[in-house]
Amino acid sequence: MSTNYKRLLPSIFLKNGEGVAWFDGSSVTVTDPITAAEDFNNYGADGIIVFDLSEEDDEHDVNMLMIRKICQAVDIPVYGAGRIRRLDDIKKLIYAGCHKACLNFAREDNVDLATGVGARFGRDQLAICVDNVSQLEDNQNLIKNYVSEIILVNNVSLPACAEWIMSSCNRNANPISLSLDCVFKDITLHDAAASLRAFPALTGISGGELNVSCKTFMDFKRQCKSLNIPINTFESSIAWSELKLNNDGMVPVIVQDYKTDEVLMLAYMNEESFNHTIKTGLMTYWSRSRNELWEKGDTSGHFQYVKSLSCDCDKDTILAKVLQIGAACHTGKRSCFFNTMMKKEYDDTNPLKVFEKEYNVILDRKEHPTDGSYTTYLFESGLDKILKKVGEECTELIIAAKNPNPEELKYEMADFLYHAMVLMVEKGVTWNEIIKEISHR
């Protein structure tokens, strides 16, 4: 099997860019798809399955844009499924940031696509959706060579499909390594746990209550663990008893943004707040002024979702890396550390911040044209002019690279990157998207 624990994979069904309840397109959900995806991500889901229910190309484009935004908004794997007609649709899903694209083996044209998709993108990026075991039996060689994951969308067929998976994976001759996930329409959390326990081949589960009750994910995972179901929960490799406490029986906690490493705040934990943090995945402290448990964001909505906890060499301080919602400081500032006491002049240039700042200046020129601005001139001249300049700068960069003196190369590289950013702004591509694409590779 490709995973050693059972996964919660809530699903989102897209119709005209909006979330609906099921494949039939019924009832628009209360929250928008991006908010739903962020909640799944923050409260402990192990991945998200997104189904594009479009029929027409215009609606498909709207849904693809939404899938791209979902991939940008979360850190967990996103599976793109649903409306696939040609190889280009798979490419769009992968380029949008999907962990895997899912062919529908109930459609003959999707079965025909499997060989080409697997050969081009590799089996690790291809899953299939099935609704009965015959679709597995009839396509065993295809599945063996090109598929890494199976998503079952008909729970009636779960016993037969689970048996097929176990047989295929354990067969001495030509074994197959596969994951089996199941999307139920009305499953309760109790039934989800029962299914995960009853079918060893089942590695992921979705649908029903799992799609609408994300704030109970960590509770559900602990219940699964109590039933000896292997599942991905927060665990600390260092027990509270191993930490060195201060005179108040607490440990100071330094809190950082998990992406930028910006120091956000300092707070204190006692054993109760430490255990509550591990239990919920939400940063929780002990308020010394109020003498009570303090779940950060409980009243303000400025939650801190745990990404990692570490302790220092003496085990007397905890470093927490978090996803910070809103402001960390009670004053409304992003960070509590905003009062400069002294500062020596030094170069604190952060390369990514430079790119982001320059990008924002270019974006402002596009949104607020300025007379005499070269950047404004490029945008007003249109895409062809921008592409011409990118091509020219690329040529000059190549010529400069042949020069033994690297100074000219630096100059031309800066010119090229500037014009590339103009192109990025023109096409609506951000540095975050570029960085995320590079990290996926």
# chains A, B, ... in the order shown; residues from 1 in each chain; ligands from 1
call {"tool": "residues_around", "arguments": {"residues": "Lys353 in chain A", "least_positions_apart": "6", "cutoff": "12 Å", "atoms": "only C-alpha atoms", "output": "ChimeraX atom specification"}}
result
/A:260,359-360,431-432
call {"tool": "write_last_selection", "arguments": {"atoms": "N, CA, C and O atoms", "output": "PDB file, in the first residue's frame"}}
result
ATOM      1  N   THR A 260       7.038  32.263   6.571  1.00  0.00           N
ATOM      2  CA  THR A 260       7.986  33.381   6.529  1.00  0.00           C
ATOM      3  C   THR A 260       8.982  33.377   7.680  1.00  0.00           C
ATOM      4  O   THR A 260       9.957  34.124   7.652  1.00  0.00           O
ATOM      5  N   TYR A 359       7.100  42.910  -7.859  1.00  0.00           N
ATOM      6  CA  TYR A 359       5.876  42.411  -8.497  1.00  0.00           C
ATOM      7  C   TYR A 359       4.700  43.334  -8.176  1.00  0.00           C
ATOM      8  O   TYR A 359       3.898  43.673  -9.057  1.00  0.00           O
ATOM      9  N   ASN A 360       4.597  43.731  -6.915  1.00  0.00           N
ATOM     10  CA  ASN A 360       3.483  44.594  -6.493  1.00  0.00           C
ATOM     11  C   ASN A 360       3.555  45.975  -7.133  1.00  0.00           C
ATOM     12  O   ASN A 360       2.526  46.580  -7.447  1.00  0.00           O
ATOM     13  N   TRP A 431       4.085  35.054  -7.725  1.00  0.00           N
ATOM     14  CA  TRP A 431       5.298  34.371  -7.265  1.00  0.00           C
ATOM     15  C   TRP A 431       4.952  33.166  -6.394  1.00  0.00           C
ATOM     16  O   TRP A 431       5.644  32.140  -6.436  1.00  0.00           O
ATOM     17  N   ASN A 432       3.897  33.280  -5.599  1.00  0.00           N
ATOM     18  CA  ASN A 432       3.494  32.141  -4.771  1.00  0.00           C
ATOM     19  C   ASN A 432       3.185  30.920  -5.622  1.00  0.00           C
ATOM     20  O   ASN A 432       3.528  29.786  -5.268  1.00  0.00           O
TER      21      ASN A 432
END
call {"tool": "residues_around", "arguments": {"residues": "Ile187 in chain A", "least_positions_apart": "6", "cutoff": "12 Å", "atoms": "only C-alpha atoms", "output": "PyMOL selection string"}}
result
chain A and resi 10+154-155+193-195+205-213
call {"tool": "write_last_selection", "arguments": {"atoms": "all heavy atoms", "output": "mmCIF file, in the first residue's frame"}}
result
data_model
loop_
_atom_site.group_PDB
_atom_site.id
_atom_site.type_symbol
_atom_site.label_atom_id
_atom_site.label_comp_id
_atom_site.auth_asym_id
_atom_site.auth_seq_id
_atom_site.Cartn_x
_atom_site.Cartn_y
_atom_site.Cartn_z
ATOM 1 N N PRO A 10 -11.993 14.550 2.607
ATOM 2 C CA PRO A 10 -13.285 15.165 2.301
ATOM 3 C C PRO A 10 -13.337 15.619 0.846
ATOM 4 O O PRO A 10 -12.300 15.889 0.231
ATOM 5 C CB PRO A 10 -13.361 16.346 3.266
ATOM 6 C CG PRO A 10 -11.942 16.617 3.654
ATOM 7 C CD PRO A 10 -11.264 15.291 3.651
ATOM 8 N N ASN A 154 -19.073 4.175 -5.119
ATOM 9 C CA ASN A 154 -20.285 3.405 -4.863
ATOM 10 C C ASN A 154 -19.994 2.461 -3.708
ATOM 11 O O ASN A 154 -19.354 1.436 -3.881
ATOM 12 C CB ASN A 154 -20.702 2.625 -6.116
ATOM 13 C CG ASN A 154 -21.915 1.750 -5.872
ATOM 14 O OD1 ASN A 154 -22.494 1.754 -4.787
ATOM 15 N ND2 ASN A 154 -22.291 0.980 -6.882
ATOM 16 N N ASN A 155 -20.473 2.811 -2.500
ATOM 17 C CA ASN A 155 -20.105 2.025 -1.321
ATOM 18 C C ASN A 155 -20.655 0.598 -1.361
ATOM 19 O O ASN A 155 -20.156 -0.280 -0.668
ATOM 20 C CB ASN A 155 -20.578 2.727 -0.043
ATOM 21 C CG ASN A 155 -22.083 2.904 0.010
ATOM 22 O OD1 ASN A 155 -22.661 3.527 -0.872
ATOM 23 N ND2 ASN A 155 -22.702 2.372 1.047
ATOM 24 N N ALA A 193 -15.695 5.136 10.568
ATOM 25 C CA ALA A 193 -14.745 4.400 11.403
ATOM 26 C C ALA A 193 -14.938 2.897 11.243
ATOM 27 O O ALA A 193 -13.961 2.136 11.157
ATOM 28 C CB ALA A 193 -14.913 4.810 12.861
ATOM 29 N N ALA A 194 -16.201 2.464 11.177
ATOM 30 C CA ALA A 194 -16.491 1.036 11.012
ATOM 31 C C ALA A 194 -15.933 0.513 9.689
ATOM 32 O O ALA A 194 -15.377 -0.592 9.628
ATOM 33 C CB ALA A 194 -17.996 0.803 11.096
ATOM 34 N N SER A 195 -16.073 1.301 8.615
ATOM 35 C CA SER A 195 -15.563 0.881 7.308
ATOM 36 C C SER A 195 -14.041 0.821 7.303
ATOM 37 O O SER A 195 -13.448 -0.125 6.772
ATOM 38 C CB SER A 195 -16.058 1.840 6.216
ATOM 39 O OG SER A 195 -17.460 1.790 6.082
ATOM 40 N N ILE A 205 -11.147 7.735 3.090
ATOM 41 C CA ILE A 205 -12.599 7.763 3.107
ATOM 42 C C ILE A 205 -13.089 9.201 2.993
ATOM 43 O O ILE A 205 -12.452 10.136 3.491
ATOM 44 C CB ILE A 205 -13.134 7.073 4.387
ATOM 45 C CG1 ILE A 205 -14.596 6.703 4.231
ATOM 46 C CG2 ILE A 205 -12.876 7.891 5.631
ATOM 47 C CD1 ILE A 205 -15.058 5.617 5.177
ATOM 48 N N SER A 206 -14.231 9.373 2.310
ATOM 49 C CA SER A 206 -14.725 10.704 2.007
ATOM 50 C C SER A 206 -16.242 10.690 1.952
ATOM 51 O O SER A 206 -16.871 9.632 1.891
ATOM 52 C CB SER A 206 -14.152 11.174 0.658
ATOM 53 O OG SER A 206 -14.596 12.471 0.333
ATOM 54 N N GLY A 207 -16.838 11.899 1.968
ATOM 55 C CA GLY A 207 -18.276 12.042 1.772
ATOM 56 C C GLY A 207 -19.056 12.155 3.065
ATOM 57 O O GLY A 207 -18.513 12.060 4.173
ATOM 58 N N GLY A 208 -20.358 12.367 2.946
ATOM 59 C CA GLY A 208 -21.256 12.423 4.091
ATOM 60 C C GLY A 208 -20.825 13.435 5.126
ATOM 61 O O GLY A 208 -20.511 14.589 4.814
ATOM 62 N N GLU A 209 -20.811 13.002 6.389
ATOM 63 C CA GLU A 209 -20.435 13.897 7.492
ATOM 64 C C GLU A 209 -19.017 14.436 7.361
ATOM 65 O O GLU A 209 -18.707 15.533 7.842
ATOM 66 C CB GLU A 209 -20.573 13.162 8.836
ATOM 67 C CG GLU A 209 -21.949 13.249 9.453
ATOM 68 C CD GLU A 209 -21.940 12.777 10.902
ATOM 69 O OE1 GLU A 209 -21.498 13.549 11.773
ATOM 70 O OE2 GLU A 209 -22.370 11.633 11.144
ATOM 71 N N LEU A 210 -18.149 13.682 6.709
ATOM 72 C CA LEU A 210 -16.767 14.122 6.557
ATOM 73 C C LEU A 210 -16.668 15.403 5.736
ATOM 74 O O LEU A 210 -15.694 16.137 5.851
ATOM 75 C CB LEU A 210 -15.939 13.023 5.894
ATOM 76 C CG LEU A 210 -15.676 11.785 6.752
ATOM 77 C CD1 LEU A 210 -15.184 10.643 5.887
ATOM 78 C CD2 LEU A 210 -14.669 12.102 7.838
ATOM 79 N N ASN A 211 -17.655 15.665 4.904
ATOM 80 C CA ASN A 211 -17.630 16.863 4.068
ATOM 81 C C ASN A 211 -18.164 18.101 4.774
ATOM 82 O O ASN A 211 -18.013 19.208 4.267
ATOM 83 C CB ASN A 211 -18.447 16.634 2.787
ATOM 84 C CG ASN A 211 -17.788 15.646 1.840
ATOM 85 O OD1 ASN A 211 -16.666 15.209 2.062
ATOM 86 N ND2 ASN A 211 -18.493 15.275 0.792
ATOM 87 N N VAL A 212 -18.810 17.919 5.920
ATOM 88 C CA VAL A 212 -19.479 19.065 6.559
ATOM 89 C C VAL A 212 -19.120 19.235 8.030
ATOM 90 O O VAL A 212 -19.638 20.132 8.683
ATOM 91 C CB VAL A 212 -21.013 18.943 6.420
ATOM 92 C CG1 VAL A 212 -21.427 19.026 4.960
ATOM 93 C CG2 VAL A 212 -21.529 17.646 7.042
ATOM 94 N N SER A 213 -18.254 18.387 8.556
ATOM 95 C CA SER A 213 -17.965 18.462 9.997
ATOM 96 C C SER A 213 -16.465 18.463 10.263
ATOM 97 O O SER A 213 -15.970 17.716 11.095
ATOM 98 C CB SER A 213 -18.618 17.284 10.731
ATOM 99 O OG SER A 213 -18.157 16.051 10.207
#
call {"tool": "residues_around", "arguments": {"residues": "His330 in chain A", "least_positions_apart": "6", "cutoff": "12 Å", "atoms": "only C-alpha atoms", "output": "VMD selection string"}}
result
chain A and resid 264 to 265 296 to 297 299 to 302 336 to 337
call {"tool": "closest_atom_pairs", "arguments": {"of": "range 36-64 of chain A", "to": "range 98-107 of chain A", "cutoff": "10 Å", "atoms": "only C-alpha atoms", "output": "Markdown table"}}
result
| residue | atom | partner | partner_atom | distance |
| --- | --- | --- | --- | --- |
| A:Gly47 | CA | A:His99 | CA | 9.2 |
| A:Ile48 | CA | A:His99 | CA | 9.7 |
| A:Ile49 | CA | A:Cys102 | CA | 9.3 |
| A:Val50 | CA | A:Cys98 | CA | 9.4 |
| A:Phe51 | CA | A:Cys102 | CA | 9.2 |
call {"tool": "residues_around", "arguments": {"residues": "Lys366 in chain A", "least_positions_apart": "5", "cutoff": "9 Å", "atoms": "only C-alpha atoms", "output": "number ranges by chain"}}
result
A: 361, 375-376, 379-380, 425-426
call {"tool": "write_last_selection", "arguments": {"atoms": "N, CA and C atoms", "output": "PDB file, in the first residue's frame"}}
result
ATOM      1  N   VAL A 361       4.781  46.477  -7.332  1.00  0.00           N
ATOM      2  CA  VAL A 361       4.935  47.757  -8.033  1.00  0.00           C
ATOM      3  C   VAL A 361       4.454  47.624  -9.472  1.00  0.00           C
ATOM      4  N   THR A 375       6.736  50.658 -17.540  1.00  0.00           N
ATOM      5  CA  THR A 375       5.879  49.509 -17.234  1.00  0.00           C
ATOM      6  C   THR A 375       4.466  49.740 -17.759  1.00  0.00           C
ATOM      7  N   THR A 376       3.931  50.929 -17.542  1.00  0.00           N
ATOM      8  CA  THR A 376       2.608  51.269 -18.071  1.00  0.00           C
ATOM      9  C   THR A 376       2.598  51.158 -19.589  1.00  0.00           C
ATOM     10  N   PHE A 379       2.235  47.521 -20.667  1.00  0.00           N
ATOM     11  CA  PHE A 379       0.872  47.005 -20.509  1.00  0.00           C
ATOM     12  C   PHE A 379      -0.073  47.593 -21.565  1.00  0.00           C
ATOM     13  N   GLU A 380       0.099  48.878 -21.844  1.00  0.00           N
ATOM     14  CA  GLU A 380      -0.773  49.507 -22.839  1.00  0.00           C
ATOM     15  C   GLU A 380      -0.478  49.002 -24.247  1.00  0.00           C
ATOM     16  N   VAL A 425       2.378  39.384 -14.365  1.00  0.00           N
ATOM     17  CA  VAL A 425       1.256  40.241 -13.985  1.00  0.00           C
ATOM     18  C   VAL A 425       0.207  40.272 -15.092  1.00  0.00           C
ATOM     19  N   GLU A 426       0.665  40.378 -16.328  1.00  0.00           N
ATOM     20  CA  GLU A 426      -0.263  40.417 -17.468  1.00  0.00           C
ATOM     21  C   GLU A 426      -1.124  39.160 -17.535  1.00  0.00           C
TER      22      GLU A 426
END
call {"tool": "closest_residue", "arguments": {"among": "A:Leu417, A:Val306, A:Met250, A:Leu142", "to": "Thr115 in chain A", "atoms": "only C-alpha atoms"}}
result
A:Leu142
call {"tool": "atom_distance", "arguments": {"atom1": "CA of Pro33 in chain A", "atom2": "CA of Leu53 in chain A"}}
result
13.6 Å
call {"tool": "select_by_dssp", "arguments": {"residues": "range 261-430 of chain A", "states": "strand (DSSP E)", "output": "PyMOL selection string"}}
result
chain A and resi 263-269+284-287+292-295+304-311+318-324
call {"tool": "atom_distance", "arguments": {"atom1": "CA of Thr331 in chain A", "atom2": "CA of Ser273 in chain A"}}
result
23.2 Å
call {"tool": "select_by_dssp", "arguments": {"residues": "range 104-189 of chain A", "states": "alpha helix (DSSP H)", "output": "MDAnalysis selection string"}}
result
chainID A and resid 108:121 134:137 140:146 158:170 189
call {"tool": "write_last_selection", "arguments": {"atoms": "C-alpha atoms", "output": "short mmCIF file (atom, residue, chain, number, x, y, z; two decimals), in the first residue's frame"}}
result
data_model
loop_
_atom_site.label_atom_id
_atom_site.label_comp_id
_atom_site.auth_asym_id
_atom_site.auth_seq_id
_atom_site.Cartn_x
_atom_site.Cartn_y
_atom_site.Cartn_z
CA GLU A 108 -14.85 4.29 -22.04
CA ASP A 109 -13.10 7.41 -23.35
CA ASN A 110 -11.38 7.84 -19.98
CA VAL A 111 -10.21 4.22 -20.02
CA ASP A 112 -8.73 4.88 -23.46
CA LEU A 113 -6.86 7.90 -22.07
CA ALA A 114 -5.15 5.96 -19.28
CA THR A 115 -2.19 4.71 -21.30
CA GLY A 116 -1.31 8.14 -22.67
CA VAL A 117 -1.81 9.86 -19.31
CA GLY A 118 0.25 7.30 -17.42
CA ALA A 119 3.05 7.38 -19.97
CA ARG A 120 3.24 11.18 -19.94
CA PHE A 121 2.74 12.01 -16.27
CA SER A 134 -15.86 -5.08 -12.99
CA GLN A 135 -14.12 -1.86 -14.00
CA LEU A 136 -11.10 -3.10 -12.04
CA GLU A 137 -11.24 -6.64 -13.36
CA GLN A 140 -6.22 -4.97 -14.64
CA ASN A 141 -3.19 -4.53 -16.92
CA LEU A 142 -3.89 -0.84 -17.40
CA ILE A 143 -4.22 -0.37 -13.66
CA LYS A 144 -1.05 -2.28 -12.94
CA ASN A 145 1.02 -0.23 -15.35
CA TYR A 146 -0.42 3.26 -15.05
CA LEU A 158 -16.73 -1.67 -1.38
CA PRO A 159 -16.43 -5.31 -0.19
CA ALA A 160 -15.75 -6.63 -3.70
CA CYS A 161 -13.33 -3.83 -4.61
CA ALA A 162 -11.47 -4.16 -1.30
CA GLU A 163 -11.09 -7.89 -1.89
CA TRP A 164 -9.84 -7.23 -5.44
CA ILE A 165 -7.27 -4.73 -4.15
CA MET A 166 -5.98 -7.10 -1.48
CA SER A 167 -5.74 -9.94 -3.98
CA SER A 168 -3.93 -7.80 -6.56
CA CYS A 169 -1.49 -6.27 -4.08
CA ASN A 170 -0.63 -9.59 -2.46
CA LEU A 189 -18.52 9.40 11.24
#
call {"tool": "closest_residue", "arguments": {"among": "A:Val78, A:Ile386, A:Cys224, A:Leu196", "to": "Tyr374 in chain A", "atoms": "only C-alpha atoms"}}
result
A:Ile386
call {"tool": "residues_around", "arguments": {"residues": "Met66 in chain A", "least_positions_apart": "3", "cutoff": "9 Å", "atoms": "only C-alpha atoms", "output": "short mmCIF file (atom, residue, chain, number, x, y, z; two decimals) with N, CA and C atoms, in the first residue's frame"}}
result
data_model
loop_
_atom_site.label_atom_id
_atom_site.label_comp_id
_atom_site.auth_asym_id
_atom_site.auth_seq_id
_atom_site.Cartn_x
_atom_site.Cartn_y
_atom_site.Cartn_z
N LEU A 14 -17.99 20.64 -7.57
CA LEU A 14 -18.08 21.96 -8.17
C LEU A 14 -19.09 22.01 -9.31
N GLY A 17 -18.43 26.71 -10.50
CA GLY A 17 -17.54 27.34 -9.55
C GLY A 17 -18.05 27.36 -8.12
N GLU A 18 -19.22 26.80 -7.87
CA GLU A 18 -19.79 26.75 -6.52
C GLU A 18 -19.80 25.32 -6.00
N PRO A 33 -16.18 27.12 -1.91
CA PRO A 33 -15.22 26.02 -2.01
C PRO A 33 -13.85 26.33 -1.41
N ILE A 34 -13.35 27.55 -1.55
CA ILE A 34 -12.04 27.87 -1.02
C ILE A 34 -12.06 27.86 0.50
N ASP A 61 -14.03 25.72 -17.58
CA ASP A 61 -13.00 26.73 -17.33
C ASP A 61 -13.20 27.40 -15.98
N VAL A 62 -14.47 27.67 -15.62
CA VAL A 62 -14.77 28.28 -14.33
C VAL A 62 -14.35 27.34 -13.20
N ASN A 63 -14.67 26.07 -13.33
CA ASN A 63 -14.32 25.09 -12.31
C ASN A 63 -12.81 24.88 -12.21
N LYS A 69 -7.38 27.71 -7.52
CA LYS A 69 -7.39 28.52 -6.29
C LYS A 69 -7.38 27.64 -5.05
N ILE A 70 -8.08 26.50 -5.12
CA ILE A 70 -8.08 25.56 -3.99
C ILE A 70 -6.67 25.02 -3.76
N CYS A 71 -5.99 24.63 -4.84
CA CYS A 71 -4.63 24.11 -4.71
C CYS A 71 -3.69 25.15 -4.11
#
call {"tool": "closest_residue", "arguments": {"among": "A:Lys357, A:Lys410, A:Lys215, A:Lys389", "to": "Phe40 in chain A", "atoms": "only C-alpha atoms"}}
result
A:Lys215
call {"tool": "residues_around", "arguments": {"residues": "Ile318 in chain A", "least_positions_apart": "5", "cutoff": "12 Å", "atoms": "only C-alpha atoms", "output": "list in words"}}
result
Ser236, Ile238, Trp240, Leu243, Lys244, Leu245, Met250, Val251, Pro252, Val253, Ile254, Val255, Gln256, Leu266, Ala267, Tyr268, Met269, Asn270, Phe274, Met283, Tyr285, Ser308, Leu309, Ser310, Cys311, Asp312 and Cys313 of chain A
call {"tool": "write_last_selection", "arguments": {"atoms": "N, CA and C atoms", "output": "JSON list (two decimals), in the first residue's frame"}}
result
[["chain", "number", "residue", "atom", "x", "y", "z"],
["A", 236, "SER", "N", 3.39, 14.04, 19.97],
["A", 236, "SER", "CA", 4.67, 14.64, 20.33],
["A", 236, "SER", "C", 5.67, 13.55, 20.67],
["A", 238, "ILE", "N", 8.32, 14.09, 22.23],
["A", 238, "ILE", "CA", 8.86, 14.46, 23.54],
["A", 238, "ILE", "C", 7.69, 14.71, 24.48],
["A", 240, "TRP", "N", 5.55, 15.82, 27.86],
["A", 240, "TRP", "CA", 5.59, 17.00, 28.73],
["A", 240, "TRP", "C", 6.52, 16.78, 29.92],
["A", 243, "LEU", "N", 10.14, 17.95, 29.57],
["A", 243, "LEU", "CA", 10.47, 19.37, 29.45],
["A", 243, "LEU", "C", 10.87, 19.95, 30.80],
["A", 244, "LYS", "N", 11.71, 20.96, 30.76],
["A", 244, "LYS", "CA", 12.13, 21.65, 31.98],
["A", 244, "LYS", "C", 11.22, 22.85, 32.20],
["A", 245, "LEU", "N", 10.49, 22.85, 33.31],
["A", 245, "LEU", "CA", 9.49, 23.89, 33.57],
["A", 245, "LEU", "C", 10.10, 25.04, 34.36],
["A", 250, "MET", "N", 5.47, 26.13, 33.97],
["A", 250, "MET", "CA", 5.14, 26.37, 32.56],
["A", 250, "MET", "C", 6.40, 26.42, 31.70],
["A", 251, "VAL", "N", 6.16, 26.42, 30.38],
["A", 251, "VAL", "CA", 7.24, 26.51, 29.40],
["A", 251, "VAL", "C", 6.91, 27.67, 28.46],
["A", 252, "PRO", "N", 7.86, 28.58, 28.20],
["A", 252, "PRO", "CA", 7.61, 29.64, 27.22],
["A", 252, "PRO", "C", 7.53, 29.07, 25.80],
["A", 253, "VAL", "N", 6.67, 29.68, 24.99],
["A", 253, "VAL", "CA", 6.47, 29.23, 23.61],
["A", 253, "VAL", "C", 6.70, 30.41, 22.67],
["A", 254, "ILE", "N", 7.68, 30.29, 21.80],
["A", 254, "ILE", "CA", 7.93, 31.28, 20.75],
["A", 254, "ILE", "C", 7.14, 30.85, 19.52],
["A", 255, "VAL", "N", 6.37, 31.76, 18.96],
["A", 255, "VAL", "CA", 5.48, 31.42, 17.85],
["A", 255, "VAL", "C", 5.94, 32.11, 16.57],
["A", 256, "GLN", "N", 6.10, 31.34, 15.51],
["A", 256, "GLN", "CA", 6.54, 31.85, 14.23],
["A", 256, "GLN", "C", 5.54, 31.53, 13.13],
["A", 266, "LEU", "N", 5.05, 35.64, 22.00],
["A", 266, "LEU", "CA", 5.57, 34.76, 23.04],
["A", 266, "LEU", "C", 4.44, 34.51, 24.03],
["A", 267, "ALA", "N", 4.23, 33.26, 24.38],
["A", 267, "ALA", "CA", 3.19, 32.91, 25.36],
["A", 267, "ALA", "C", 3.71, 31.74, 26.20],
["A", 268, "TYR", "N", 2.85, 31.24, 27.08],
["A", 268, "TYR", "CA", 3.27, 30.16, 27.99],
["A", 268, "TYR", "C", 2.28, 29.01, 27.95],
["A", 269, "MET", "N", 2.83, 27.82, 28.11],
["A", 269, "MET", "CA", 2.02, 26.61, 28.19],
["A", 269, "MET", "C", 2.24, 25.92, 29.52],
["A", 270, "ASN", "N", 1.16, 25.36, 30.07],
["A", 270, "ASN", "CA", 1.30, 24.37, 31.13],
["A", 270, "ASN", "C", 0.92, 23.02, 30.53],
["A", 274, "PHE", "N", -0.67, 22.33, 26.77],
["A", 274, "PHE", "CA", 0.16, 21.53, 25.86],
["A", 274, "PHE", "C", -0.65, 20.36, 25.31],
["A", 283, "MET", "N", -3.24, 26.12, 18.57],
["A", 283, "MET", "CA", -2.35, 26.61, 19.61],
["A", 283, "MET", "C", -3.16, 27.07, 20.81],
["A", 285, "TYR", "N", -2.74, 28.12, 25.07],
["A", 285, "TYR", "CA", -1.79, 28.55, 26.08],
["A", 285, "TYR", "C", -2.47, 28.63, 27.45],
["A", 308, "SER", "N", 4.07, 22.79, 13.27],
["A", 308, "SER", "CA", 5.10, 21.98, 13.92],
["A", 308, "SER", "C", 5.40, 22.54, 15.31],
["A", 309, "LEU", "N", 5.85, 21.67, 16.19],
["A", 309, "LEU", "CA", 6.34, 22.05, 17.52],
["A", 309, "LEU", "C", 7.74, 21.48, 17.69],
["A", 310, "SER", "N", 8.66, 22.30, 18.18],
["A", 310, "SER", "CA", 10.02, 21.85, 18.46],
["A", 310, "SER", "C", 10.42, 22.40, 19.81],
["A", 311, "CYS", "N", 11.42, 21.77, 20.43],
["A", 311, "CYS", "CA", 11.96, 22.35, 21.66],
["A", 311, "CYS", "C", 13.45, 22.57, 21.50],
["A", 312, "ASP", "N", 14.01, 23.43, 22.33],
["A", 312, "ASP", "CA", 15.42, 23.77, 22.21],
["A", 312, "ASP", "C", 16.29, 22.69, 22.86],
["A", 313, "CYS", "N", 17.59, 22.92, 22.83],
["A", 313, "CYS", "CA", 18.54, 21.91, 23.30],
["A", 313, "CYS", "C", 18.37, 21.60, 24.79]]
call {"tool": "closest_residue", "arguments": {"among": "A:Val422, A:Leu387, A:Leu65, A:Cys182", "to": "Asp364 in chain A", "atoms": "only C-alpha atoms"}}
result
A:Val422
call {"tool": "atom_distance", "arguments": {"atom1": "CA of Thr203 in chain A", "atom2": "CA of Gln223 in chain A"}}
result
16.6 Å
call {"tool": "decode", "arguments": {"residues": "range 282-291 of chain A", "atoms": "N, CA, C and O atoms", "output": "PDB file, in the first residue's frame"}}
result
ATOM      1  N   LEU A 282      -4.816  23.200  17.493  1.00  0.00           N
ATOM      2  CA  LEU A 282      -4.951  24.647  17.647  1.00  0.00           C
ATOM      3  C   LEU A 282      -4.061  25.101  18.795  1.00  0.00           C
ATOM      4  O   LEU A 282      -4.110  24.526  19.889  1.00  0.00           O
ATOM      5  N   MET A 283      -3.244  26.119  18.567  1.00  0.00           N
ATOM      6  CA  MET A 283      -2.349  26.605  19.609  1.00  0.00           C
ATOM      7  C   MET A 283      -3.164  27.065  20.814  1.00  0.00           C
ATOM      8  O   MET A 283      -4.057  27.914  20.701  1.00  0.00           O
ATOM      9  N   THR A 284      -2.824  26.508  21.967  1.00  0.00           N
ATOM     10  CA  THR A 284      -3.527  26.798  23.213  1.00  0.00           C
ATOM     11  C   THR A 284      -2.506  27.071  24.303  1.00  0.00           C
ATOM     12  O   THR A 284      -1.513  26.349  24.433  1.00  0.00           O
ATOM     13  N   TYR A 285      -2.743  28.123  25.068  1.00  0.00           N
ATOM     14  CA  TYR A 285      -1.785  28.554  26.080  1.00  0.00           C
ATOM     15  C   TYR A 285      -2.474  28.631  27.447  1.00  0.00           C
ATOM     16  O   TYR A 285      -3.681  28.417  27.573  1.00  0.00           O
ATOM     17  N   TRP A 286      -1.669  28.941  28.463  1.00  0.00           N
ATOM     18  CA  TRP A 286      -2.231  29.220  29.785  1.00  0.00           C
ATOM     19  C   TRP A 286      -2.106  30.722  30.032  1.00  0.00           C
ATOM     20  O   TRP A 286      -1.018  31.284  30.004  1.00  0.00           O
ATOM     21  N   SER A 287      -3.248  31.361  30.220  1.00  0.00           N
ATOM     22  CA  SER A 287      -3.260  32.795  30.483  1.00  0.00           C
ATOM     23  C   SER A 287      -2.906  33.049  31.941  1.00  0.00           C
ATOM     24  O   SER A 287      -3.672  32.700  32.844  1.00  0.00           O
ATOM     25  N   ARG A 288      -1.759  33.648  32.156  1.00  0.00           N
ATOM     26  CA  ARG A 288      -1.327  33.919  33.528  1.00  0.00           C
ATOM     27  C   ARG A 288      -2.150  35.039  34.157  1.00  0.00           C
ATOM     28  O   ARG A 288      -2.390  35.029  35.367  1.00  0.00           O
ATOM     29  N   SER A 289      -2.607  36.000  33.348  1.00  0.00           N
ATOM     30  CA  SER A 289      -3.395  37.111  33.892  1.00  0.00           C
ATOM     31  C   SER A 289      -4.806  36.661  34.281  1.00  0.00           C
ATOM     32  O   SER A 289      -5.361  37.113  35.281  1.00  0.00           O
ATOM     33  N   ARG A 290      -5.381  35.753  33.481  1.00  0.00           N
ATOM     34  CA  ARG A 290      -6.742  35.281  33.756  1.00  0.00           C
ATOM     35  C   ARG A 290      -6.753  33.953  34.509  1.00  0.00           C
ATOM     36  O   ARG A 290      -7.808  33.482  34.931  1.00  0.00           O
ATOM     37  N   ASN A 291      -5.580  33.321  34.575  1.00  0.00           N
ATOM     38  CA  ASN A 291      -5.450  32.029  35.246  1.00  0.00           C
ATOM     39  C   ASN A 291      -6.417  31.000  34.667  1.00  0.00           C
ATOM     40  O   ASN A 291      -7.153  30.321  35.371  1.00  0.00           O
TER      41      ASN A 291
END
